[in-house]
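**Q** I'd like to ask some things about the structure below.
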Amino acid sequence: MPNVIHVTTQAFDAVKAQPRPVLLDFWAPSADRRLARSLLPPAGPRAAAEPRCGPCRMQGPILDEVSTRLGDRAVIAKVNVDEEPQLSERFGVVSIPTLVVLKEGQPATRMVGVQQASTLVAALEAAGA
């Protein structure tokens, strides 16, 4: 059963302190790349009506698969760049999806774009999962 969590800036320190590797998936609900790139929350009715980010939508089920395959050996977490601009900025996110594997709280691997489950599992296992 997948156990993908959603992380806020306030909860990040607790997630980072986990003894297990952590996979952070930085994603955005907006399809407007300018919004995601600037990491500003969407404004106005036009932004709210835009379709979801296609690559971000594709990555979701893959994260569920990784979570199911690894179970409690790793933490799989999603970060909404529109809602958490400080955390996104901290990791230098300029494209979505961006995936970061943390080992002992520090970035060990960084990937941009949709990643397959086997790639993510291998990165997490290399980090100690």
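By order in the structure tokens, chains are A, B, ...; within a chain, residues start at 1; ligands start at 1, following the order shown.
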Might you pull out every residue within 7 Å of range 101-112 of chain A, with only C-alpha atoms counted and same-chain residues fewer than 4 positions away left off, and present them as a VMD selection string?
**A** chain A and resid 16 to 17 19 21 to 24 95 to 97 123 to 124 127
**Q** Print the selection's residues with C-alpha atoms to a file, as a JSON list (two decimals), in the first residue's frame.
**A**
[["chain", "number", "residue", "atom", "x", "y", "z"],
["A", 16, "LYS", "CA", 14.80, 15.38, 6.97],
["A", 17, "ALA", "CA", 15.73, 13.92, 10.38],
["A", 19, "PRO", "CA", 17.12, 7.77, 9.59],
["A", 21, "PRO", "CA", 16.53, 7.97, 2.88],
["A", 22, "VAL", "CA", 13.95, 10.53, 1.79],
["A", 23, "LEU", "CA", 12.72, 11.12, -1.76],
["A", 24, "LEU", "CA", 11.34, 14.63, -2.30],
["A", 95, "SER", "CA", 11.86, 22.87, -13.31],
["A", 96, "ILE", "CA", 9.15, 20.46, -12.36],
["A", 97, "PRO", "CA", 9.08, 17.72, -11.47],
["A", 123, "ALA", "CA", 18.74, 5.95, -6.10],
["A", 124, "LEU", "CA", 17.04, 5.27, -2.78],
["A", 127, "ALA", "CA", 21.26, 6.05, -0.28]]
**Q** Quick check for you: according to DSSP on this backbone, which residues of chain A are classed as alpha helix (DSSP H)? Reply as a PyMOL selection string.
**A** chain A and resi 12-16+33-38+44-49+54-70+85-90+117-126
**Q** Got a sec: who's within 9 Å of Val75 in chain A, counting only C-alpha atoms, leaving out chain neighbours fewer than 3 positions off, as a list in words?
**A**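 These residues fall inside the cut-off: Asn3, Val4, Ile5, Val15, Gln18, Arg20, Pro21, Val22, Leu23, Leu24, Ser67, Leu70, Gly71 and Asp72 of chain A.
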**Q** Output N, CA and C atoms for every residue in that selection, as an mmCIF file, in the first residue's frame.
**A**
data_model
loop_
_atom_site.group_PDB
_atom_site.id
_atom_site.type_symbol
_atom_site.label_atom_id
_atom_site.label_comp_id
_atom_site.auth_asym_id
_atom_site.auth_seq_id
_atom_site.Cartn_x
_atom_site.Cartn_y
_atom_site.Cartn_z
ATOM 1 N N ASN A 3 2.429 4.901 0.572
ATOM 2 C CA ASN A 3 2.386 5.835 1.691
ATOM 3 C C ASN A 3 3.209 7.065 1.317
ATOM 4 N N VAL A 4 2.703 7.841 0.359
ATOM 5 C CA VAL A 4 3.363 9.064 -0.073
ATOM 6 C C VAL A 4 2.804 10.204 0.764
ATOM 7 N N ILE A 5 3.699 10.959 1.394
ATOM 8 C CA ILE A 5 3.252 12.055 2.249
ATOM 9 C C ILE A 5 3.445 13.394 1.536
ATOM 10 N N VAL A 15 10.961 15.558 8.687
ATOM 11 C CA VAL A 15 11.122 14.579 7.603
ATOM 12 C C VAL A 15 12.606 14.365 7.321
ATOM 13 N N GLN A 18 14.697 11.911 9.480
ATOM 14 C CA GLN A 18 14.436 10.470 9.413
ATOM 15 C C GLN A 18 15.746 9.708 9.195
ATOM 16 N N ARG A 20 15.950 7.038 7.598
ATOM 17 C CA ARG A 20 15.816 6.410 6.272
ATOM 18 C C ARG A 20 16.059 7.457 5.192
ATOM 19 N N PRO A 21 16.435 7.018 3.987
ATOM 20 C CA PRO A 21 16.534 7.974 2.876
ATOM 21 C C PRO A 21 15.164 8.583 2.599
ATOM 22 N N VAL A 22 15.176 9.807 2.099
ATOM 23 C CA VAL A 22 13.948 10.534 1.789
ATOM 24 C C VAL A 22 13.981 10.919 0.316
ATOM 25 N N LEU A 23 12.886 10.673 -0.385
ATOM 26 C CA LEU A 23 12.723 11.122 -1.760
ATOM 27 C C LEU A 23 11.740 12.282 -1.748
ATOM 28 N N LEU A 24 12.198 13.455 -2.182
ATOM 29 C CA LEU A 24 11.337 14.630 -2.299
ATOM 30 C C LEU A 24 10.965 14.825 -3.760
ATOM 31 N N SER A 67 6.855 3.724 -3.366
ATOM 32 C CA SER A 67 6.474 3.618 -1.960
ATOM 33 C C SER A 67 6.054 2.193 -1.608
ATOM 34 N N LEU A 70 9.266 -0.166 -1.695
ATOM 35 C CA LEU A 70 10.256 0.024 -0.626
ATOM 36 C C LEU A 70 9.652 -0.012 0.779
ATOM 37 N N GLY A 71 8.360 0.170 0.884
ATOM 38 C CA GLY A 71 7.720 0.134 2.201
ATOM 39 C C GLY A 71 8.337 1.142 3.146
ATOM 40 N N ASP A 72 8.670 0.682 4.345
ATOM 41 C CA ASP A 72 9.208 1.601 5.356
ATOM 42 C C ASP A 72 10.725 1.786 5.273
#
**Q** Name all residues at most 10 Å from Ser118 in chain A (count only C-alpha atoms; drop same-chain ones fewer than 2 positions away) and give them as a PDB file with C-alpha atoms, in the first residue's frame.
**A**
ATOM      1  CA  ILE A  62       5.282   6.118 -10.100  1.00  0.00           C
ATOM      2  CA  GLU A  65       4.801   2.246  -6.919  1.00  0.00           C
ATOM      3  CA  VAL A  66       8.155   3.199  -5.339  1.00  0.00           C
ATOM      4  CA  ARG A  69       8.083  -1.478  -3.375  1.00  0.00           C
ATOM      5  CA  GLN A 115      11.669   9.357 -13.535  1.00  0.00           C
ATOM      6  CA  GLN A 116      10.794   5.675 -13.739  1.00  0.00           C
ATOM      7  CA  LEU A 120      14.050   6.040  -8.109  1.00  0.00           C
ATOM      8  CA  VAL A 121      14.335   2.703  -6.297  1.00  0.00           C
ATOM      9  CA  ALA A 122      17.997   2.412  -7.339  1.00  0.00           C
ATOM     10  CA  ALA A 123      18.745   5.951  -6.102  1.00  0.00           C
ATOM     11  CA  LEU A 124      17.042   5.275  -2.780  1.00  0.00           C
TER      12      LEU A 124
END
**Q** Rank A:Pro2, A:Gly128, A:Thr68, A:Phe12 by their smallest atom-to-atom distance to Leu87 in chain A, using only C-alpha atoms, and report the top residue only.
**A** A:Phe12
**Q** For a quick check of understanding, using only C-alpha atoms, which of A:Ala28, A:Ala126, A:Val81, A:Ala117 has the smallest distance to Arg57 in chain A?
**A**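 The shortest atom-to-atom distance to Arg57 in chain A comes from A:Ala28.
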**Q** So what do you get for CA of Thr98 in chain A versus CA of Gln59 in chain A, distance-wise?
**A**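 If I compute the distance from CA of Thr98 in chain A to CA of Gln59 in chain A, I get 10.2 Å.
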**Q** Looking only at strand (DSSP E or B) from DSSP on the backbone, list the matching residues of chain A as a ChimeraX atom specification.
**A** /A:4-6,22-27,75-80,98-103,106-112
**Q** Find the distance between CA of Pro29 in chain A and CA of Cys53 in chain A and write it in Å to one decimal.
**A**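 Distance reported for this atom pair: 5.6 Å.
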